[in-house]
Amino acid sequence: MIKSCSCGYQLHILYNYMKTRINIIFYFLLFLCVSAHAEFRAGMAVKIVTPDPLLPVSGGVGPSRPVNNKKGDLTVRAFVLDDSITRIAIVSTDFLGFPRALGDKVRKGVSSIPPENILIGATHTHSAPDCYGFPDGDGGTSADLEYLEFVCTKTAQAILEAVKRLEPVSLKIASGEAHGKIAYNSYADELYDPRCHIIQAITSEGVPLATLVNYAIHPEVLGDGQNILSPDLIGPLYDRLEMKGGGTGIFMNSAQGGMVTADVRGPDGKDIRTWNECIRIGHLLADEALRIIRDAPKQINPRIFCGWRDVSLPIESEMILSIINQSPVLSGIYNEKRVQTRINLINIGNAQILTIPGEAMPNIGYFLKRNMNGKHNILFGLTNDAYGYILSKVDWNSFKIYNYVTQTGLGEKTGEIYIKEAIQLIKQSPAPSKMNSN
Ligand SMILES: [Zn+2]
């Protein structure tokens, strides 16, 4: 009994040994197989959405302003990234804001990417048609609903086209201060974040396919009062990136609230609000972005993680409530005076990206960046929604100069709720991987 038992035991050990060996060989082959096919790919596509004939433009709450001229074209741009397991789309639109009501229409038109993996931001140009349906004071709105449908269709097409164009790439990611006269804080000169973050996709031939530029700035050089429709300084930024060999550009704004804006201060103290000034600033930002990214090491087969959190924000502002009630675009988006919005957290290679559904004050931006876990911590402002300014409760309704940003936000609680939810999302998400470079 004992012998036979011992023999059975030895057979059992042999069986386990063989099984373990077979398992090791199986997983090794599987690893080789996955490694062979795990290639990181990117695709980029652009669609022009300049209205023809031209439409009035919106620089904020209230009726739109008429135009009779355009400088540059309005575009929607899709940058799709795929690590063979996770696919995401980073989308930028040349508008003041792109509310979720429109974003969800775009997402419905794209079946090849999960809706929560599609991040849609606005550059915040102040010279493009109204996407909110702001009341015009006469019981109507200046927003053109047919045009907005056209924009949603074009944006979905851009994403689908970028998916079709997916090709193997490596990534370069860099952060650094952009030098020169680009942005400043018009409330207090130095209270802005000069850091510029860049993500560049390089094809297997070594050519830049696309350059994503992330920086905090109000593209309001022209504004809405000059009868001009324009992407503002973002148009020349894209032109310059392409001309200088950066491939197709895509701009995602950052924490540019109260009031981080384009530095258009002239030598005589007067602001220079011309197309030439858009070109000067756009080109300078492009040159700085390309300088910062130039020597960054290539990241080979970087991994992507895409997390998200749905957040409920109270509407404390009677003005915002009244706008939502009157807007044909936004009506019905809230329940019991609360709106639902989505925050995304993305890891790409050694970078971490967090989205902000509005215009966060620069101090909130600094706080978030230092609580994130990437080598490069990047904020996508005005993304997935744009509910006006986001202030912490101690900033809210404080300095007289904050009156405007206090009025044009959801309320006193927005900042604290957003920060708390964002920090929880960061904590529950994995940290980005260490860099895998050549
Ligand atoms: Zn703004």
# chains A, B, ... in the order shown; residues from 1 in each chain; ligands from 1
>>> select_by_dssp(residues="segment 180-297 of chain A", states="helix (DSSP H, G or I)", output="ChimeraX atom specification")
/A:234-243,275-293
>>> residues_near_ligand(ligand="ligand 1", cutoff="12 Å", atoms="only C-alpha atoms and all ligand atoms", output="ChimeraX atom specification")
/A:58-61,95-97,122-126,216-220,223,253-262,358-361,381-382,386-390,404-405,408-409
>>> write_last_selection(atoms="N, CA and C atoms", output="short mmCIF file (atom, residue, chain, number, x, y, z; two decimals), in the first residue's frame")
data_model
loop_
_atom_site.label_atom_id
_atom_site.label_comp_id
_atom_site.auth_asym_id
_atom_site.auth_seq_id
_atom_site.Cartn_x
_atom_site.Cartn_y
_atom_site.Cartn_z
N SER A 58 -19.30 83.00 -31.81
CA SER A 58 -19.61 83.15 -30.39
C SER A 58 -18.34 83.16 -29.56
N GLY A 59 -18.20 84.20 -28.73
CA GLY A 59 -17.05 84.26 -27.82
C GLY A 59 -17.49 84.06 -26.38
N GLY A 60 -18.76 83.69 -26.18
CA GLY A 60 -19.25 83.47 -24.82
C GLY A 60 -20.77 83.57 -24.77
N VAL A 61 -21.29 83.65 -23.54
CA VAL A 61 -22.73 83.70 -23.31
C VAL A 61 -23.34 84.89 -24.06
N PHE A 95 -13.77 75.10 -31.65
CA PHE A 95 -14.93 75.82 -31.12
C PHE A 95 -14.64 76.32 -29.71
N LEU A 96 -15.55 77.17 -29.20
CA LEU A 96 -15.42 77.69 -27.84
C LEU A 96 -15.51 76.54 -26.83
N GLY A 97 -16.45 75.65 -27.08
CA GLY A 97 -16.62 74.45 -26.25
C GLY A 97 -17.40 73.44 -27.08
N ALA A 122 -12.26 71.02 -27.07
CA ALA A 122 -12.41 72.22 -27.89
C ALA A 122 -11.18 73.09 -27.70
N THR A 123 -10.74 73.72 -28.82
CA THR A 123 -9.55 74.58 -28.70
C THR A 123 -9.85 75.86 -27.92
N HIS A 124 -11.14 76.26 -27.91
CA HIS A 124 -11.61 77.48 -27.22
C HIS A 124 -11.40 78.74 -28.06
N THR A 125 -11.35 78.56 -29.40
CA THR A 125 -11.34 79.76 -30.23
C THR A 125 -12.61 80.57 -29.96
N HIS A 126 -12.47 81.89 -29.93
CA HIS A 126 -13.62 82.77 -29.68
C HIS A 126 -14.21 83.31 -30.99
N ALA A 216 -1.82 75.77 -22.01
CA ALA A 216 -2.96 76.54 -21.51
C ALA A 216 -2.96 77.94 -22.11
N ILE A 217 -4.01 78.25 -22.88
CA ILE A 217 -4.09 79.57 -23.50
C ILE A 217 -5.52 79.82 -24.01
N HIS A 218 -5.95 81.07 -23.94
CA HIS A 218 -7.21 81.45 -24.58
C HIS A 218 -6.91 81.89 -26.02
N PRO A 219 -7.34 81.13 -27.03
CA PRO A 219 -7.14 81.59 -28.41
C PRO A 219 -8.20 82.65 -28.76
N GLU A 220 -7.96 83.85 -28.26
CA GLU A 220 -8.94 84.93 -28.43
C GLU A 220 -8.26 86.20 -28.91
N GLY A 223 -10.99 87.35 -31.21
CA GLY A 223 -12.24 87.49 -30.47
C GLY A 223 -13.44 87.43 -31.40
N ASN A 253 -6.21 72.04 -25.25
CA ASN A 253 -5.99 73.10 -24.28
C ASN A 253 -5.76 72.52 -22.88
N SER A 254 -5.38 73.36 -21.93
CA SER A 254 -5.09 72.87 -20.58
C SER A 254 -5.91 73.68 -19.56
N ALA A 255 -5.36 73.91 -18.38
CA ALA A 255 -6.09 74.66 -17.34
C ALA A 255 -5.87 76.15 -17.58
N GLN A 256 -6.70 76.73 -18.45
CA GLN A 256 -6.48 78.10 -18.92
C GLN A 256 -7.50 79.10 -18.35
N GLY A 257 -8.15 78.69 -17.22
CA GLY A 257 -9.16 79.59 -16.64
C GLY A 257 -8.55 80.85 -16.07
N GLY A 258 -9.38 81.81 -15.75
CA GLY A 258 -9.15 83.09 -15.11
C GLY A 258 -7.76 83.64 -14.93
N MET A 259 -7.16 84.30 -15.86
CA MET A 259 -7.55 84.40 -17.23
C MET A 259 -6.28 84.26 -18.04
N VAL A 260 -5.93 82.98 -18.30
CA VAL A 260 -4.69 82.69 -19.03
C VAL A 260 -4.97 82.87 -20.52
N THR A 261 -4.37 83.86 -21.09
CA THR A 261 -4.73 84.23 -22.45
C THR A 261 -3.50 84.49 -23.31
N ALA A 262 -3.75 84.73 -24.59
CA ALA A 262 -2.66 85.00 -25.52
C ALA A 262 -2.01 86.34 -25.16
N GLY A 358 -14.17 71.68 -18.45
CA GLY A 358 -14.36 73.12 -18.43
C GLY A 358 -13.03 73.84 -18.36
N GLU A 359 -13.10 75.07 -17.85
CA GLU A 359 -11.93 75.94 -17.79
C GLU A 359 -11.44 76.05 -16.35
N ALA A 360 -10.52 75.16 -15.98
CA ALA A 360 -10.03 75.17 -14.60
C ALA A 360 -9.05 76.32 -14.40
N MET A 361 -9.10 76.91 -13.21
CA MET A 361 -8.15 77.97 -12.88
C MET A 361 -6.73 77.36 -12.86
N GLY A 381 -7.94 70.36 -20.92
CA GLY A 381 -9.06 71.21 -20.50
C GLY A 381 -10.17 71.21 -21.53
N LEU A 382 -11.35 71.70 -21.16
CA LEU A 382 -12.49 71.82 -22.08
C LEU A 382 -12.72 70.52 -22.84
N ALA A 386 -17.77 71.42 -21.52
CA ALA A 386 -17.14 72.70 -21.19
C ALA A 386 -18.17 73.53 -20.43
N TYR A 387 -18.20 73.29 -19.10
CA TYR A 387 -19.18 73.96 -18.24
C TYR A 387 -18.62 75.24 -17.63
N GLY A 388 -17.98 76.04 -18.44
CA GLY A 388 -17.49 77.32 -17.96
C GLY A 388 -16.33 77.16 -17.00
N TYR A 389 -16.14 78.18 -16.16
CA TYR A 389 -14.97 78.22 -15.28
C TYR A 389 -15.12 77.31 -14.07
N ILE A 390 -13.99 76.73 -13.67
CA ILE A 390 -13.98 75.85 -12.49
C ILE A 390 -13.01 76.46 -11.48
N TYR A 404 -16.42 87.82 -13.13
CA TYR A 404 -16.82 87.22 -14.40
C TYR A 404 -16.71 85.70 -14.36
N VAL A 405 -15.56 85.19 -13.88
CA VAL A 405 -15.37 83.73 -13.87
C VAL A 405 -16.28 83.06 -12.83
N THR A 408 -19.75 82.80 -14.65
CA THR A 408 -19.83 81.91 -15.81
C THR A 408 -19.31 80.51 -15.49
N GLY A 409 -19.74 79.98 -14.36
CA GLY A 409 -19.43 78.61 -13.97
C GLY A 409 -20.66 78.00 -13.33
#
>>> residues_around(residues="Val221 of chain A", least_positions_apart="6", cutoff="9 Å", atoms="only C-alpha atoms", output="list in words")
Thr125, His126, Asp232, Leu233, Thr261, Ala262, Asp263, Val264, Asp271, Ile272, Arg273, Thr274, Trp275, Glu277 and Cys278 of chain A
>>> closest_residue(among="A:Asn363, A:Trp396, A:Gly245, A:Ala101", to="Val339 of chain A", atoms="only C-alpha atoms")
A:Ala101
>>> closest_residue(among="A:Gln407, A:Thr75, A:Ser92, A:Gln340", to="Asn214 of chain A", atoms="only C-alpha atoms")
A:Ser92
>>> residues_around(residues="Thr341 of chain A", least_positions_apart="2", cutoff="7 Å", atoms="only C-alpha atoms", output="ChimeraX atom specification")
/A:310-312,339,343,385
>>> write_last_selection(atoms="N, CA and C atoms", output="mmCIF file, in the first residue's frame")
data_model
loop_
_atom_site.group_PDB
_atom_site.id
_atom_site.type_symbol
_atom_site.label_atom_id
_atom_site.label_comp_id
_atom_site.auth_asym_id
_atom_site.auth_seq_id
_atom_site.Cartn_x
_atom_site.Cartn_y
_atom_site.Cartn_z
ATOM 1 N N ASP A 310 -17.784 58.877 -14.142
ATOM 2 C CA ASP A 310 -18.901 59.787 -14.382
ATOM 3 C C ASP A 310 -19.180 60.572 -13.109
ATOM 4 N N VAL A 311 -19.295 61.871 -13.285
ATOM 5 C CA VAL A 311 -19.361 62.785 -12.150
ATOM 6 C C VAL A 311 -20.631 63.621 -12.244
ATOM 7 N N SER A 312 -21.268 63.834 -11.106
ATOM 8 C CA SER A 312 -22.483 64.650 -11.064
ATOM 9 C C SER A 312 -22.152 65.994 -10.424
ATOM 10 N N VAL A 339 -25.871 68.108 -13.398
ATOM 11 C CA VAL A 339 -25.468 67.593 -14.706
ATOM 12 C C VAL A 339 -24.479 66.445 -14.510
ATOM 13 N N ILE A 343 -15.064 62.303 -16.641
ATOM 14 C CA ILE A 343 -13.624 62.607 -16.574
ATOM 15 C C ILE A 343 -12.890 61.363 -17.067
ATOM 16 N N ASP A 385 -16.760 68.024 -22.134
ATOM 17 C CA ASP A 385 -17.775 69.007 -21.787
ATOM 18 C C ASP A 385 -17.053 70.317 -21.546
#
>>> select_by_dssp(residues="segment 72-195 of chain A", states="strand (DSSP E or B)", output="PyMOL selection string")
chain A and resi 75-82+87-93+118-122+128+135+141+167-177+183-185+195
>>> write_last_selection(atoms="C-alpha atoms", output="compact mmCIF listing (two decimals), in the first residue's frame")
# COMPACT_ATOMS: atom_id res chain seq x y z
CA THR A 75 -11.20 71.97 -38.46
CA VAL A 76 -11.98 68.88 -36.41
CA ARG A 77 -9.03 66.54 -35.85
CA ALA A 78 -8.86 62.94 -34.67
CA PHE A 79 -5.71 61.29 -33.33
CA VAL A 80 -6.33 57.57 -32.79
CA LEU A 81 -3.88 55.45 -30.78
CA ASP A 82 -3.98 51.67 -30.51
CA ARG A 87 -7.83 51.92 -28.69
CA ILE A 88 -8.51 55.59 -27.92
CA ALA A 89 -9.37 58.69 -29.94
CA ILE A 90 -8.19 62.16 -28.98
CA VAL A 91 -10.34 64.67 -30.82
CA SER A 92 -9.95 68.43 -31.06
CA THR A 93 -12.57 70.81 -32.44
CA ILE A 118 -13.32 58.92 -27.25
CA LEU A 119 -12.10 62.19 -25.72
CA ILE A 120 -13.47 65.27 -27.44
CA GLY A 121 -12.03 68.67 -26.63
CA ALA A 122 -12.41 72.22 -27.89
CA ALA A 128 -16.36 80.12 -34.35
CA PRO A 135 -30.17 82.30 -25.86
CA THR A 141 -30.62 81.24 -30.38
CA GLU A 167 -0.04 52.44 -38.97
CA PRO A 168 2.87 51.27 -36.80
CA VAL A 169 4.50 54.15 -34.93
CA SER A 170 6.73 54.87 -31.98
CA LEU A 171 6.02 57.82 -29.69
CA LYS A 172 8.05 60.71 -28.41
CA ILE A 173 6.68 62.47 -25.34
CA ALA A 174 8.22 65.57 -23.77
CA SER A 175 7.42 68.42 -21.38
CA GLY A 176 9.13 71.76 -21.06
CA GLU A 177 8.58 75.48 -20.63
CA ALA A 183 0.60 83.38 -22.92
CA TYR A 184 0.19 85.31 -19.69
CA ASN A 185 -2.47 85.78 -17.04
CA ARG A 195 4.73 74.12 -19.36
